[in-house]
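Below is one structure; the comments refer to it alone.
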Amino acid sequence: METLVNWLNSYVWSPVLVYTLLGLGLFYSIATRFLQFRLFKDMIKLVFESKSSEAGVSSFQALALSISSRVGVGTIAGVATAIAYGGPGAVFWMWFMTCLGACTSFIETTLAQVYKRKLDGEFRGGTPYYIEKGLKLKWLAVLFAVITMIVASILIPGVQVNTVASAMNTAFGVEPVFTGIVLVVALSFIIFGGVKRIAKTAEVIVPFMASAYIIVCIIVLVANASKIPEMFVLIFTSAFGTHAAFGGIIGSAITWGVKRGTFANAAGFGSETFYPAATEVSHPAKQGLVQAFSVYIDTLIICSATAFMILVTGMYNVTPEGKQPIVNNLGNHEPGPIYTQNAVESVIPGFGAPFIAIAILFFAFTTLITYFYMADTNLAFLNRNRKVKLVWPKHVLRIALLITVFYCSINTSVFAWALGDLGFGIMAWLNLFSIFLLTKTALKVLKDYERQKKEGKNPVFDPTKVGISDAEFWEKESLEKEDAERKDRKVISS
């Protein structure tokens, strides 16, 4: 099985996908006049603008959900893997991909908001919804929904779980089987509690754990302050092939930087379109900007914190695939959380291993609950036109996720990462194709948002005014507002 998955990954994650992610991000940056920089102030402001409702979550809750999904083990183990196979230069390419990915995230999230629907009293939306309504390709929408359900419940959870089990074993000597049992019990409580419980859990855990992680990073950097300039020189010289030791692996630096950077922030995969679509906002572009900001939080802050701790303390190996080791500071350790654990241990003895283990536990746990939400939203899409909703598939998804969590807690990390790469890679190909064909629609929404802002208005979306059809929710909202305004005018005139 592992051989088969690796063979599939060699095609799914070929250099074509890596450069497609880079190229499309650059294309969107130019097309939007680099909104990821121009509208940065709006991004921060909009995080706290909207409030939750009976149908949707607030912008902050959607941000927390999205960060929960993005800030998983990819921000700790994924960064270590990028450095191990691509060298310190991979960190620069993670940053570069993040700046482009923020724009890609804006496009896909805005489309998710445009074509969202209200199903069973809750907002639902995401990639299959905009494929069906925007591209009029129902078969592709169904295919994406089915694939995403499989990916979210079977293929990608293993990365999170296996890393948690490894970190807990290193820090506390807990056997992976016991870690698996605890995760299954805790996860059952959340995923059987519904969407609102998922959102509230993420809203509490994510800010607390992310803040603690940054504080520890600052402590490590302060203790190694004299090495910080040298660390930045190492990152940039390695990224552009001018470093003596890493000059020959610039291709690996780009590939692994982009690969692990996109795995961490998931911009362009289509996996981060479901939570933003559930947000209560007055204009789709608002949530697009909030989600662009979430990409920054994940990679420029959390991933960078991991990279800085590892590099400034020298707690890493570099062994490009198929080549001899270039750096071997940690012996034969497999790349993963142990890099970061050793980095913190070098400054705070006895604290690094347990702290990183707990950080991974919380990051991974919140990511796992958002995976269920992802699968559930795609099931809702498949159920959307049925008079009698099928309930049993949701139970199958829950059971599949819980079985995967337990199984992957005792499996090898290499296989878990291979499954995760395969799942995200397949989703990326389908989603990138779809959002590229819907570029004009997303740009119309951005133009409308900026026009209303320029006029001093609080942007409110009316799809008919910008020439967008089949945005059912927004069309209904606009008609209801027009009716309310007409009634108000009649009352005033009478």
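Chains: A, B, ... in order of the structure tokens. Residues: from 1 per chain. Ligands: from 1, in order shown.
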
- request: Just the alpha helix (DSSP H) stuff from stretch 327-408 of chain A, please, per backbone DSSP, written as a PyMOL selection string.
  value: chain A and resi 337-345+352-383+392-408

Emit the selected residues as a PDB file, in the first residue's frame, including C-alpha atoms.
```
ATOM      1  CA  PRO A 337       8.370  17.266  16.133  1.00  0.00           C
ATOM      2  CA  ILE A 338      11.613  16.047  17.699  1.00  0.00           C
ATOM      3  CA  TYR A 339      13.453  18.887  15.894  1.00  0.00           C
ATOM      4  CA  THR A 340      11.345  21.516  17.675  1.00  0.00           C
ATOM      5  CA  GLN A 341      11.355  19.601  20.945  1.00  0.00           C
ATOM      6  CA  ASN A 342      15.162  19.536  20.958  1.00  0.00           C
ATOM      7  CA  ALA A 343      15.284  23.215  20.021  1.00  0.00           C
ATOM      8  CA  VAL A 344      13.198  24.235  23.049  1.00  0.00           C
ATOM      9  CA  GLU A 345      15.012  21.734  25.290  1.00  0.00           C
ATOM     10  CA  GLY A 352      10.730  21.448  25.412  1.00  0.00           C
ATOM     11  CA  ALA A 353       9.531  17.899  24.832  1.00  0.00           C
ATOM     12  CA  PRO A 354       6.356  18.109  26.964  1.00  0.00           C
ATOM     13  CA  PHE A 355       5.430  21.610  25.786  1.00  0.00           C
ATOM     14  CA  ILE A 356       5.752  20.773  22.077  1.00  0.00           C
ATOM     15  CA  ALA A 357       3.862  17.526  22.654  1.00  0.00           C
ATOM     16  CA  ILE A 358       0.984  19.437  24.264  1.00  0.00           C
ATOM     17  CA  ALA A 359       1.083  22.109  21.541  1.00  0.00           C
ATOM     18  CA  ILE A 360       0.884  19.432  18.861  1.00  0.00           C
ATOM     19  CA  LEU A 361      -1.944  17.722  20.750  1.00  0.00           C
ATOM     20  CA  PHE A 362      -4.067  20.889  20.762  1.00  0.00           C
ATOM     21  CA  PHE A 363      -3.149  21.976  17.231  1.00  0.00           C
ATOM     22  CA  ALA A 364      -3.831  18.509  15.835  1.00  0.00           C
ATOM     23  CA  PHE A 365      -7.041  18.017  17.808  1.00  0.00           C
ATOM     24  CA  THR A 366      -8.613  21.234  16.533  1.00  0.00           C
ATOM     25  CA  THR A 367      -7.522  20.306  13.016  1.00  0.00           C
ATOM     26  CA  LEU A 368      -9.208  16.920  13.331  1.00  0.00           C
ATOM     27  CA  ILE A 369     -12.545  18.432  14.337  1.00  0.00           C
ATOM     28  CA  THR A 370     -12.447  20.777  11.332  1.00  0.00           C
ATOM     29  CA  TYR A 371     -11.795  17.776   9.087  1.00  0.00           C
ATOM     30  CA  PHE A 372     -15.104  16.329  10.219  1.00  0.00           C
ATOM     31  CA  TYR A 373     -16.820  19.636   9.497  1.00  0.00           C
ATOM     32  CA  MET A 374     -15.295  19.531   6.009  1.00  0.00           C
ATOM     33  CA  ALA A 375     -16.611  16.021   5.394  1.00  0.00           C
ATOM     34  CA  ASP A 376     -20.011  16.888   6.859  1.00  0.00           C
ATOM     35  CA  THR A 377     -20.399  19.960   4.620  1.00  0.00           C
ATOM     36  CA  ASN A 378     -19.706  17.877   1.533  1.00  0.00           C
ATOM     37  CA  LEU A 379     -22.256  15.332   2.696  1.00  0.00           C
ATOM     38  CA  ALA A 380     -24.771  18.177   3.080  1.00  0.00           C
ATOM     39  CA  PHE A 381     -24.016  19.113  -0.531  1.00  0.00           C
ATOM     40  CA  LEU A 382     -24.809  15.587  -1.721  1.00  0.00           C
ATOM     41  CA  ASN A 383     -27.967  15.621   0.404  1.00  0.00           C
ATOM     42  CA  TRP A 392     -26.643   7.122   8.075  1.00  0.00           C
ATOM     43  CA  PRO A 393     -23.808   8.520   5.877  1.00  0.00           C
ATOM     44  CA  LYS A 394     -22.985  11.050   8.603  1.00  0.00           C
ATOM     45  CA  HIS A 395     -22.576   8.231  11.103  1.00  0.00           C
ATOM     46  CA  VAL A 396     -20.378   6.378   8.597  1.00  0.00           C
ATOM     47  CA  LEU A 397     -18.175   9.479   8.277  1.00  0.00           C
ATOM     48  CA  ARG A 398     -17.881   9.765  12.054  1.00  0.00           C
ATOM     49  CA  ILE A 399     -16.972   6.102  12.454  1.00  0.00           C
ATOM     50  CA  ALA A 400     -14.503   6.226   9.525  1.00  0.00           C
ATOM     51  CA  LEU A 401     -12.757   9.243  11.062  1.00  0.00           C
ATOM     52  CA  LEU A 402     -12.539   7.611  14.501  1.00  0.00           C
ATOM     53  CA  ILE A 403     -11.190   4.343  13.047  1.00  0.00           C
ATOM     54  CA  THR A 404      -8.615   6.302  11.037  1.00  0.00           C
ATOM     55  CA  VAL A 405      -7.563   8.230  14.147  1.00  0.00           C
ATOM     56  CA  PHE A 406      -6.932   5.044  16.090  1.00  0.00           C
ATOM     57  CA  TYR A 407      -5.281   3.169  13.217  1.00  0.00           C
ATOM     58  CA  CYS A 408      -2.893   5.984  12.268  1.00  0.00           C
TER      59      CYS A 408
END
```

Residues of stretch 132-202 of chain A at most 12 Å from stretch 460-468 of chain A: nearest atom pair and distance in Å, only C-alpha atoms, as a tab-separated table:
```
residue	atom	partner	partner_atom	distance
A:Lys133	CA	A:Ile468	CA	10.5
A:Gly134	CA	A:Ile468	CA	8.9
A:Leu135	CA	A:Ile468	CA	11.9
```

Could you take the residues named above and write them with C-alpha atoms, as a PDB file, in the first residue's frame?
```pdb
ATOM      1  CA  LYS A 133     -23.415  26.913  -9.620  1.00  0.00           C
ATOM      2  CA  GLY A 134     -20.475  28.828 -11.044  1.00  0.00           C
ATOM      3  CA  LEU A 135     -19.148  26.329 -13.597  1.00  0.00           C
TER       4      LEU A 135
END
```

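Residue nearest A:Ser66 within the list A:Ile218, A:Asn265, A:Pro128, A:Ser188: A:Asn265 [criterion: smallest interatomic distance, only C-alpha atoms].
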
query: If we count only C-alpha atoms, what is near A:Gly336 at a cut-off of 8 Å, once residues fewer than 2 positions away on the same chain are taken out, given as number ranges by chain?
result: A: 76-78, 80-81, 163, 334, 338-340

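Take the candidates A:Leu39, A:Ile348, A:Val151, A:Ala292 and check each one against A:Tyr449 using only C-alpha atoms; the shortest distance goes to A:Leu39.
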
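The smallest atom-to-atom distance between A:Ile214 and any of A:Ala307, A:Cys99, A:Val79, A:Met149, using only C-alpha atoms, is found for A:Ala307.
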
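With only C-alpha atoms as the atoms that count, the minimum distance from A:Leu35 to the choices A:Glu175, A:Glu477, A:Glu230, A:Glu450 is reached by A:Glu450.
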
- line: Between atom CA of A:Lys286 and atom CA of A:Met43 lies a distance of 7.8 Å

field: Exercise: stretch 451-458 of chain A partners within 12 Å, only C-alpha atoms, chain neighbours under 3 positions left out, as a PyMOL selection string
entry: chain A and resi 39+42+46+49+281-283+285-286+444-448+461-462+466

Keeping only N, CA and C atoms, write those residues as a JSON list (two decimals), in the first residue's frame.
```json
[["chain", "number", "residue", "atom", "x", "y", "z"],
["A", 39, "LEU", "N", -4.75, 45.68, 0.95],
["A", 39, "LEU", "CA", -5.92, 45.64, 1.83],
["A", 39, "LEU", "C", -5.63, 44.95, 3.16],
["A", 42, "ASP", "N", -7.70, 46.24, 6.04],
["A", 42, "ASP", "CA", -9.08, 45.73, 6.00],
["A", 42, "ASP", "C", -9.15, 44.31, 6.58],
["A", 46, "LEU", "N", -11.78, 43.47, 9.59],
["A", 46, "LEU", "CA", -12.94, 42.63, 9.29],
["A", 46, "LEU", "C", -13.03, 41.39, 10.16],
["A", 49, "GLU", "N", -15.62, 42.21, 12.73],
["A", 49, "GLU", "CA", -16.80, 42.98, 12.31],
["A", 49, "GLU", "C", -18.11, 42.22, 12.47],
["A", 281, "VAL", "N", -21.85, 37.47, 6.87],
["A", 281, "VAL", "CA", -21.23, 38.72, 6.43],
["A", 281, "VAL", "C", -22.15, 39.42, 5.43],
["A", 282, "SER", "N", -21.89, 40.71, 5.20],
["A", 282, "SER", "CA", -22.72, 41.47, 4.27],
["A", 282, "SER", "C", -22.17, 41.45, 2.85],
["A", 283, "HIS", "N", -20.93, 40.99, 2.68],
["A", 283, "HIS", "CA", -20.30, 40.96, 1.36],
["A", 283, "HIS", "C", -19.27, 39.84, 1.30],
["A", 285, "ALA", "N", -16.50, 39.44, -0.26],
["A", 285, "ALA", "CA", -15.10, 39.84, -0.23],
["A", 285, "ALA", "C", -14.59, 40.03, 1.19],
["A", 286, "LYS", "N", -15.48, 40.35, 2.10],
["A", 286, "LYS", "CA", -15.07, 40.54, 3.50],
["A", 286, "LYS", "C", -14.46, 39.26, 4.06],
["A", 444, "LYS", "N", -14.94, 40.39, -10.09],
["A", 444, "LYS", "CA", -16.12, 41.26, -10.07],
["A", 444, "LYS", "C", -16.52, 41.59, -8.63],
["A", 445, "VAL", "N", -16.46, 40.58, -7.77],
["A", 445, "VAL", "CA", -16.83, 40.77, -6.36],
["A", 445, "VAL", "C", -15.85, 41.73, -5.68],
["A", 446, "LEU", "N", -14.56, 41.54, -5.94],
["A", 446, "LEU", "CA", -13.55, 42.43, -5.36],
["A", 446, "LEU", "C", -13.76, 43.87, -5.83],
["A", 447, "LYS", "N", -14.01, 44.04, -7.11],
["A", 447, "LYS", "CA", -14.22, 45.38, -7.68],
["A", 447, "LYS", "C", -15.43, 46.05, -7.04],
["A", 448, "ASP", "N", -16.51, 45.27, -6.83],
["A", 448, "ASP", "CA", -17.71, 45.80, -6.20],
["A", 448, "ASP", "C", -17.44, 46.22, -4.76],
["A", 461, "PHE", "N", -23.59, 43.09, -0.63],
["A", 461, "PHE", "CA", -23.51, 42.39, -1.92],
["A", 461, "PHE", "C", -24.88, 42.18, -2.56],
["A", 462, "ASP", "N", -24.99, 42.58, -3.83],
["A", 462, "ASP", "CA", -26.15, 42.30, -4.66],
["A", 462, "ASP", "C", -25.62, 41.70, -5.96],
["A", 466, "VAL", "N", -23.71, 43.19, -10.17],
["A", 466, "VAL", "CA", -22.36, 42.95, -10.70],
["A", 466, "VAL", "C", -22.35, 41.87, -11.78]]
```

message: List as a ChimeraX atom specification the protein and nucleic acid residues near A:Tyr130, meaning an atom at most 8 Å away when only C-alpha atoms are counted, but skip any in the same chain fewer than 4 places from it.
response: /A:111-112,114-116,125-126,134-135

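Closest to A:Ile181 among A:Ile410, A:Thr299, A:Gln160, A:Trp474 is A:Ile410, based on only C-alpha atoms.
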